[in-house]
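Printed here is entry.cif (mmCIF, N, CA and C atoms):
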```cif
data_model
loop_
_atom_site.label_atom_id
_atom_site.label_comp_id
_atom_site.auth_asym_id
_atom_site.auth_seq_id
_atom_site.Cartn_x
_atom_site.Cartn_y
_atom_site.Cartn_z
N MET A 12 215.45 52.19 234.73
CA MET A 12 214.59 51.83 233.63
C MET A 12 215.43 51.67 232.38
N SER A 13 215.16 50.66 231.61
CA SER A 13 215.90 50.39 230.39
C SER A 13 215.63 51.46 229.34
N THR A 14 216.67 51.79 228.56
CA THR A 14 216.47 52.76 227.49
C THR A 14 215.99 52.09 226.22
N GLN A 15 216.12 50.79 226.14
CA GLN A 15 215.67 50.03 224.97
C GLN A 15 214.22 49.60 225.16
N LEU A 16 213.36 50.09 224.30
CA LEU A 16 211.95 49.73 224.40
C LEU A 16 211.68 48.47 223.60
N PRO A 17 210.67 47.70 224.01
CA PRO A 17 210.31 46.51 223.23
C PRO A 17 209.69 46.94 221.90
N GLU A 18 209.71 46.04 220.94
CA GLU A 18 209.14 46.33 219.64
C GLU A 18 207.61 46.26 219.67
N TYR A 19 207.08 45.45 220.61
CA TYR A 19 205.64 45.26 220.72
C TYR A 19 205.20 45.53 222.15
N TYR A 20 203.96 46.01 222.28
CA TYR A 20 203.34 46.17 223.59
C TYR A 20 201.98 45.49 223.54
N PHE A 21 201.69 44.71 224.58
CA PHE A 21 200.42 43.99 224.66
C PHE A 21 199.63 44.56 225.83
N ARG A 22 198.53 45.26 225.52
CA ARG A 22 197.65 45.78 226.55
C ARG A 22 196.65 44.67 226.88
N VAL A 23 196.80 44.10 228.05
CA VAL A 23 195.99 42.96 228.45
C VAL A 23 194.54 43.38 228.62
N ARG A 24 193.65 42.55 228.07
CA ARG A 24 192.21 42.69 228.26
C ARG A 24 191.71 41.41 228.90
N GLU A 25 190.44 41.39 229.23
CA GLU A 25 189.91 40.22 229.92
C GLU A 25 190.11 38.93 229.14
N ASN A 26 189.89 38.94 227.84
CA ASN A 26 189.99 37.71 227.05
C ASN A 26 191.22 37.66 226.15
N GLY A 27 192.16 38.54 226.35
CA GLY A 27 193.32 38.56 225.47
C GLY A 27 194.09 39.84 225.59
N ALA A 28 194.32 40.50 224.44
CA ALA A 28 195.09 41.74 224.47
C ALA A 28 194.89 42.53 223.19
N VAL A 29 195.23 43.80 223.29
CA VAL A 29 195.36 44.66 222.13
C VAL A 29 196.86 44.76 221.88
N VAL A 30 197.27 44.56 220.63
CA VAL A 30 198.70 44.53 220.31
C VAL A 30 199.09 45.84 219.62
N PHE A 31 200.16 46.43 220.12
CA PHE A 31 200.68 47.66 219.55
C PHE A 31 202.12 47.43 219.08
N LYS A 32 202.49 48.09 218.02
CA LYS A 32 203.88 48.13 217.59
C LYS A 32 204.43 49.46 218.07
N ILE A 33 205.61 49.43 218.68
CA ILE A 33 206.21 50.62 219.27
C ILE A 33 207.16 51.25 218.26
N ASP A 34 207.06 52.57 218.13
CA ASP A 34 207.94 53.30 217.22
C ASP A 34 208.51 54.51 217.94
N THR A 35 209.84 54.62 217.99
CA THR A 35 210.50 55.81 218.54
C THR A 35 211.34 56.49 217.49
N GLU A 36 211.34 55.94 216.28
CA GLU A 36 212.16 56.48 215.19
C GLU A 36 211.38 57.55 214.43
N ASN A 37 211.06 58.63 215.12
CA ASN A 37 210.38 59.74 214.47
C ASN A 37 211.10 61.02 214.84
N ARG A 38 210.74 62.11 214.22
CA ARG A 38 211.47 63.36 214.42
C ARG A 38 211.42 63.86 215.86
N GLN A 39 210.31 63.66 216.52
CA GLN A 39 210.17 64.16 217.89
C GLN A 39 210.72 63.20 218.93
N ARG A 40 211.14 62.01 218.51
CA ARG A 40 211.65 60.96 219.40
C ARG A 40 210.61 60.61 220.46
N ARG A 41 209.35 60.74 220.10
CA ARG A 41 208.26 60.35 220.98
C ARG A 41 207.97 58.88 220.80
N ILE A 42 207.40 58.30 221.82
CA ILE A 42 206.97 56.91 221.73
C ILE A 42 205.60 56.89 221.07
N GLU A 43 205.54 56.25 219.93
CA GLU A 43 204.26 56.09 219.25
C GLU A 43 203.85 54.63 219.31
N MET A 44 202.59 54.41 219.64
CA MET A 44 202.05 53.07 219.74
C MET A 44 201.01 52.90 218.65
N ASP A 45 201.32 52.06 217.68
CA ASP A 45 200.44 51.83 216.55
C ASP A 45 199.71 50.50 216.76
N GLN A 46 198.39 50.55 216.95
CA GLN A 46 197.64 49.31 217.17
C GLN A 46 197.70 48.46 215.89
N ILE A 47 198.10 47.18 216.07
CA ILE A 47 198.19 46.30 214.90
C ILE A 47 197.21 45.14 214.95
N ALA A 48 196.73 44.78 216.15
CA ALA A 48 195.83 43.63 216.22
C ALA A 48 195.13 43.57 217.56
N VAL A 49 194.09 42.73 217.59
CA VAL A 49 193.40 42.37 218.83
C VAL A 49 193.43 40.85 218.87
N ILE A 50 193.79 40.30 220.03
CA ILE A 50 193.86 38.84 220.15
C ILE A 50 192.93 38.35 221.24
N ASN A 51 192.37 37.18 220.98
CA ASN A 51 191.50 36.50 221.94
C ASN A 51 192.24 35.26 222.39
N ILE A 52 192.64 35.24 223.63
CA ILE A 52 193.45 34.14 224.17
C ILE A 52 192.64 32.86 224.29
N ARG A 53 191.32 32.99 224.50
CA ARG A 53 190.48 31.80 224.70
C ARG A 53 190.34 30.97 223.43
N ASN A 54 190.11 31.64 222.30
CA ASN A 54 189.91 30.87 221.06
C ASN A 54 191.08 30.98 220.09
N GLY A 55 192.12 31.73 220.48
CA GLY A 55 193.31 31.84 219.65
C GLY A 55 193.16 32.76 218.45
N GLU A 56 192.08 33.50 218.39
CA GLU A 56 191.82 34.37 217.24
C GLU A 56 192.69 35.63 217.30
N VAL A 57 193.28 35.96 216.15
CA VAL A 57 194.07 37.18 216.00
C VAL A 57 193.42 38.00 214.89
N LYS A 58 192.94 39.20 215.23
CA LYS A 58 192.30 40.06 214.24
C LYS A 58 193.20 41.26 213.98
N PRO A 59 193.72 41.38 212.76
CA PRO A 59 194.50 42.58 212.43
C PRO A 59 193.62 43.81 212.58
N HIS A 60 194.25 44.91 212.98
CA HIS A 60 193.52 46.16 213.18
C HIS A 60 193.32 46.87 211.85
N GLY A 61 192.10 47.25 211.58
CA GLY A 61 191.80 47.99 210.36
C GLY A 61 192.16 47.20 209.12
N GLN A 62 192.85 47.85 208.19
CA GLN A 62 193.24 47.22 206.93
C GLN A 62 194.65 46.64 206.99
N ARG A 63 195.21 46.57 208.17
CA ARG A 63 196.58 46.12 208.35
C ARG A 63 196.74 44.65 208.00
N THR A 64 197.87 44.32 207.43
CA THR A 64 198.28 42.94 207.21
C THR A 64 199.46 42.68 208.14
N LEU A 65 199.36 41.64 208.95
CA LEU A 65 200.43 41.34 209.90
C LEU A 65 201.62 40.72 209.17
N SER A 66 202.80 41.17 209.55
CA SER A 66 204.02 40.59 208.99
C SER A 66 204.29 39.24 209.67
N ASP A 67 205.20 38.49 209.09
CA ASP A 67 205.59 37.23 209.72
C ASP A 67 206.16 37.47 211.12
N ALA A 68 206.95 38.53 211.26
CA ALA A 68 207.51 38.87 212.57
C ALA A 68 206.41 39.20 213.57
N ASP A 69 205.38 39.93 213.12
CA ASP A 69 204.23 40.24 213.98
C ASP A 69 203.57 38.95 214.46
N LYS A 70 203.33 38.05 213.52
CA LYS A 70 202.66 36.79 213.84
C LYS A 70 203.47 35.94 214.82
N VAL A 71 204.77 35.90 214.62
CA VAL A 71 205.64 35.13 215.52
C VAL A 71 205.61 35.72 216.92
N GLU A 72 205.71 37.03 217.03
CA GLU A 72 205.71 37.68 218.34
C GLU A 72 204.37 37.52 219.04
N ILE A 73 203.28 37.63 218.30
CA ILE A 73 201.94 37.45 218.87
C ILE A 73 201.78 36.01 219.36
N ALA A 74 202.20 35.04 218.56
CA ALA A 74 202.10 33.63 218.97
C ALA A 74 202.94 33.36 220.22
N ARG A 75 204.14 33.95 220.29
CA ARG A 75 205.00 33.78 221.47
C ARG A 75 204.32 34.36 222.70
N TRP A 76 203.75 35.57 222.56
CA TRP A 76 203.08 36.20 223.69
C TRP A 76 201.89 35.37 224.15
N MET A 77 201.13 34.85 223.19
CA MET A 77 199.96 34.05 223.55
C MET A 77 200.36 32.80 224.33
N GLU A 78 201.41 32.14 223.91
CA GLU A 78 201.88 30.95 224.64
C GLU A 78 202.35 31.33 226.05
N ASP A 79 203.13 32.41 226.14
CA ASP A 79 203.59 32.87 227.46
C ASP A 79 202.41 33.25 228.35
N ARG A 80 201.41 33.89 227.77
CA ARG A 80 200.24 34.32 228.55
C ARG A 80 199.44 33.12 229.04
N LYS A 81 199.25 32.12 228.18
CA LYS A 81 198.54 30.91 228.59
C LYS A 81 199.27 30.22 229.73
N THR A 82 200.59 30.16 229.66
CA THR A 82 201.39 29.55 230.73
C THR A 82 201.22 30.33 232.03
N LEU A 83 201.29 31.65 231.95
CA LEU A 83 201.12 32.49 233.13
C LEU A 83 199.73 32.31 233.75
N LEU A 84 198.70 32.31 232.91
CA LEU A 84 197.33 32.15 233.43
C LEU A 84 197.14 30.78 234.07
N ALA A 85 197.74 29.74 233.50
CA ALA A 85 197.65 28.41 234.09
C ALA A 85 198.34 28.38 235.45
N GLN A 86 199.50 29.04 235.55
CA GLN A 86 200.20 29.11 236.83
C GLN A 86 199.36 29.85 237.87
N ARG A 87 198.72 30.92 237.44
CA ARG A 87 197.87 31.68 238.36
C ARG A 87 196.68 30.85 238.82
N ASP A 88 196.09 30.08 237.90
CA ASP A 88 194.95 29.23 238.26
C ASP A 88 195.32 28.27 239.38
N ILE A 89 196.43 27.56 239.22
CA ILE A 89 196.80 26.57 240.23
C ILE A 89 197.21 27.26 241.53
N ASP A 90 197.84 28.44 241.42
CA ASP A 90 198.19 29.19 242.61
C ASP A 90 196.92 29.61 243.36
N ASP A 91 195.89 30.01 242.62
CA ASP A 91 194.61 30.36 243.25
C ASP A 91 194.01 29.17 243.99
N ILE A 92 194.14 27.98 243.42
CA ILE A 92 193.61 26.78 244.08
C ILE A 92 194.38 26.49 245.36
N HIS A 93 195.70 26.60 245.31
CA HIS A 93 196.49 26.40 246.53
C HIS A 93 196.11 27.43 247.60
N ARG A 94 195.84 28.66 247.15
CA ARG A 94 195.40 29.69 248.08
C ARG A 94 194.03 29.35 248.66
N ALA A 95 193.15 28.76 247.84
CA ALA A 95 191.82 28.37 248.31
C ALA A 95 191.92 27.31 249.41
N VAL A 96 192.86 26.39 249.26
CA VAL A 96 193.07 25.37 250.31
C VAL A 96 193.48 26.07 251.60
N ASP A 97 194.38 27.04 251.50
CA ASP A 97 194.78 27.79 252.69
C ASP A 97 193.57 28.52 253.30
N TYR A 98 192.74 29.13 252.46
CA TYR A 98 191.56 29.83 252.96
C TYR A 98 190.59 28.87 253.65
N LEU A 99 190.45 27.67 253.10
CA LEU A 99 189.58 26.68 253.75
C LEU A 99 190.12 26.35 255.14
N ASN A 100 191.43 26.17 255.24
CA ASN A 100 192.04 25.89 256.55
C ASN A 100 191.86 27.07 257.50
N LEU A 101 192.06 28.28 257.01
CA LEU A 101 191.87 29.47 257.84
C LEU A 101 190.41 29.63 258.26
N THR A 102 189.51 29.29 257.36
CA THR A 102 188.08 29.36 257.67
C THR A 102 187.71 28.35 258.74
N THR A 103 188.28 27.16 258.64
CA THR A 103 188.04 26.14 259.67
C THR A 103 188.52 26.63 261.03
N GLN A 104 189.71 27.20 261.05
CA GLN A 104 190.26 27.71 262.32
C GLN A 104 189.40 28.84 262.86
N TRP A 105 188.95 29.73 261.97
CA TRP A 105 188.09 30.84 262.38
C TRP A 105 186.78 30.31 262.96
N ALA A 106 186.15 29.33 262.27
CA ALA A 106 184.87 28.78 262.75
C ALA A 106 185.05 28.11 264.11
N GLN A 107 186.17 27.46 264.30
CA GLN A 107 186.39 26.74 265.55
C GLN A 107 186.75 27.67 266.70
N SER A 108 187.50 28.73 266.44
CA SER A 108 188.05 29.50 267.55
C SER A 108 187.55 30.93 267.70
N LYS A 109 187.05 31.54 266.62
CA LYS A 109 186.74 32.97 266.71
C LYS A 109 185.30 33.33 266.37
N ALA A 110 184.64 32.55 265.55
CA ALA A 110 183.33 32.94 265.02
C ALA A 110 182.26 32.99 266.09
N SER A 111 181.43 34.01 266.00
CA SER A 111 180.28 34.10 266.90
C SER A 111 179.14 33.27 266.30
N ASP A 112 178.14 32.99 267.10
CA ASP A 112 176.97 32.25 266.61
C ASP A 112 176.32 33.00 265.45
N HIS A 113 176.23 34.30 265.56
CA HIS A 113 175.63 35.10 264.49
C HIS A 113 176.44 35.00 263.19
N GLN A 114 177.76 35.08 263.29
CA GLN A 114 178.61 34.96 262.11
C GLN A 114 178.47 33.59 261.47
N LEU A 115 178.45 32.55 262.29
CA LEU A 115 178.29 31.20 261.75
C LEU A 115 176.94 31.03 261.08
N GLU A 116 175.90 31.59 261.68
CA GLU A 116 174.57 31.51 261.08
C GLU A 116 174.56 32.18 259.71
N ASP A 117 175.33 33.24 259.58
CA ASP A 117 175.38 34.00 258.33
C ASP A 117 176.04 33.22 257.19
N VAL A 118 177.01 32.37 257.49
CA VAL A 118 177.79 31.72 256.42
C VAL A 118 177.66 30.21 256.32
N THR A 119 177.13 29.56 257.33
CA THR A 119 177.15 28.09 257.37
C THR A 119 176.49 27.44 256.16
N ASP A 120 175.27 27.83 255.83
CA ASP A 120 174.57 27.18 254.71
C ASP A 120 175.30 27.36 253.39
N ARG A 121 175.79 28.57 253.14
CA ARG A 121 176.51 28.81 251.89
C ARG A 121 177.82 28.02 251.84
N LEU A 122 178.53 27.98 252.95
CA LEU A 122 179.77 27.20 252.98
C LEU A 122 179.51 25.71 252.80
N LEU A 123 178.49 25.20 253.47
CA LEU A 123 178.17 23.77 253.35
C LEU A 123 177.79 23.41 251.91
N MET A 124 177.00 24.25 251.26
CA MET A 124 176.62 23.97 249.87
C MET A 124 177.83 24.02 248.94
N ALA A 125 178.67 25.03 249.12
CA ALA A 125 179.87 25.15 248.27
C ALA A 125 180.80 23.96 248.49
N MET A 126 180.98 23.56 249.75
CA MET A 126 181.86 22.42 250.04
C MET A 126 181.26 21.12 249.53
N HIS A 127 179.94 20.96 249.61
CA HIS A 127 179.28 19.76 249.08
C HIS A 127 179.47 19.68 247.57
N ASP A 128 179.27 20.81 246.89
CA ASP A 128 179.44 20.87 245.45
C ASP A 128 180.88 20.53 245.07
N LEU A 129 181.84 21.13 245.74
CA LEU A 129 183.25 20.86 245.47
C LEU A 129 183.59 19.40 245.74
N ARG A 130 183.12 18.87 246.85
CA ARG A 130 183.39 17.47 247.18
C ARG A 130 182.82 16.53 246.11
N SER A 131 181.61 16.81 245.66
CA SER A 131 180.98 15.97 244.63
C SER A 131 181.81 15.95 243.36
N VAL A 132 182.26 17.11 242.93
CA VAL A 132 183.07 17.19 241.71
C VAL A 132 184.40 16.48 241.90
N LEU A 133 185.05 16.71 243.02
CA LEU A 133 186.36 16.08 243.26
C LEU A 133 186.26 14.56 243.33
N VAL A 134 185.23 14.05 244.00
CA VAL A 134 185.05 12.60 244.10
C VAL A 134 184.78 12.00 242.72
N ARG A 135 183.93 12.63 241.94
CA ARG A 135 183.63 12.14 240.59
C ARG A 135 184.88 12.14 239.71
N LYS A 136 185.64 13.24 239.75
CA LYS A 136 186.87 13.34 238.95
C LYS A 136 187.91 12.31 239.39
N LYS A 137 188.01 12.08 240.68
CA LYS A 137 188.97 11.07 241.18
C LYS A 137 188.55 9.68 240.73
N ALA A 138 187.26 9.40 240.79
CA ALA A 138 186.77 8.09 240.32
C ALA A 138 187.04 7.91 238.83
N ASP A 139 186.86 8.98 238.06
CA ASP A 139 187.16 8.91 236.62
C ASP A 139 188.63 8.61 236.39
N ARG A 140 189.50 9.26 237.14
CA ARG A 140 190.96 9.03 236.98
C ARG A 140 191.32 7.61 237.38
N LEU A 141 190.75 7.12 238.46
CA LEU A 141 191.05 5.77 238.92
C LEU A 141 190.56 4.71 237.94
N SER A 142 189.43 4.96 237.30
CA SER A 142 188.89 3.99 236.36
C SER A 142 189.71 3.93 235.07
N LYS A 143 190.49 4.97 234.79
CA LYS A 143 191.36 4.99 233.60
C LYS A 143 192.66 4.23 233.82
N GLU A 144 193.01 3.99 235.07
CA GLU A 144 194.29 3.31 235.36
C GLU A 144 194.22 1.84 235.09
#
```

Representation of the structure as structure tokens:
Amino acid sequence: MSTQLPEYYFRVRENGAVVFKIDTENRQRRIEMDQIAVINIRNGEVKPHGQRTLSDADKVEIARWMEDRKTLLAQRDIDDIHRAVDYLNLTTQWAQSKASDHQLEDVTDRLLMAMHDLRSVLVRKKADRLSKE
């Protein structure tokens, strides 16, 4: 484990993070986490905590974290979609080779509706892209 702590810590929340400034320069040499802001990644809002005024360094670090976080979330989104394609293939194999009649009865209607909905959206989006070319 590194002995050098970061200057900021971002506690991830569902829509963003709580931002803390890390301080070890105290008499007890304890790690103190001072909350400085709450950020909303969806709308880009940064709310300073309490009466605090964010320094330029705080703002730069928060903006850097937000960009990195958006990039990471976008990568996760596309990875989830690639995983969904694998699950569809595995589901097809399961339905063809392993599923009992009772299991198929339990999931067929829901799967067909979800696949119909997905197909409709994909076809419409593809037609939109083709019409722009």

Axis-aligned box for region 58-65 of chain A, 5 Å per side, centre and edges in Å as JSON:
```
{"center_x": 196.7, "center_y": 43.6, "center_z": 211.1, "size_x": 19.8, "size_y": 18.8, "size_z": 18.3}
```

request  = List the residues selected by the PyMOL selection byres (((chain A and resi 14-30 and name CA) around 6) and name CA) in the file shown, writing them as an MDAnalysis selection string.
outcome  = chainID A and resid 13 31:33 46:52

Strand (DSSP E) per DSSP on the backbone: members of chain A, as a list of chain:residue names = A:Tyr19, A:Tyr20, A:Phe21, A:Arg22, A:Val23, A:Arg24, A:Gly27, A:Ala28, A:Val29, A:Val30, A:Phe31, A:Lys32, A:Ile33, A:Asp34, A:Glu43, A:Met44, A:Asp45, A:Gln46, A:Ile47, A:Ala48, A:Val49, A:Ile50, A:Asn51, A:Glu56, A:Val57, A:Lys58, A:Pro59

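Coordinates place CA of Leu115 (chain A) at a distance of 14.6 Å from CA of Leu99 (chain A).
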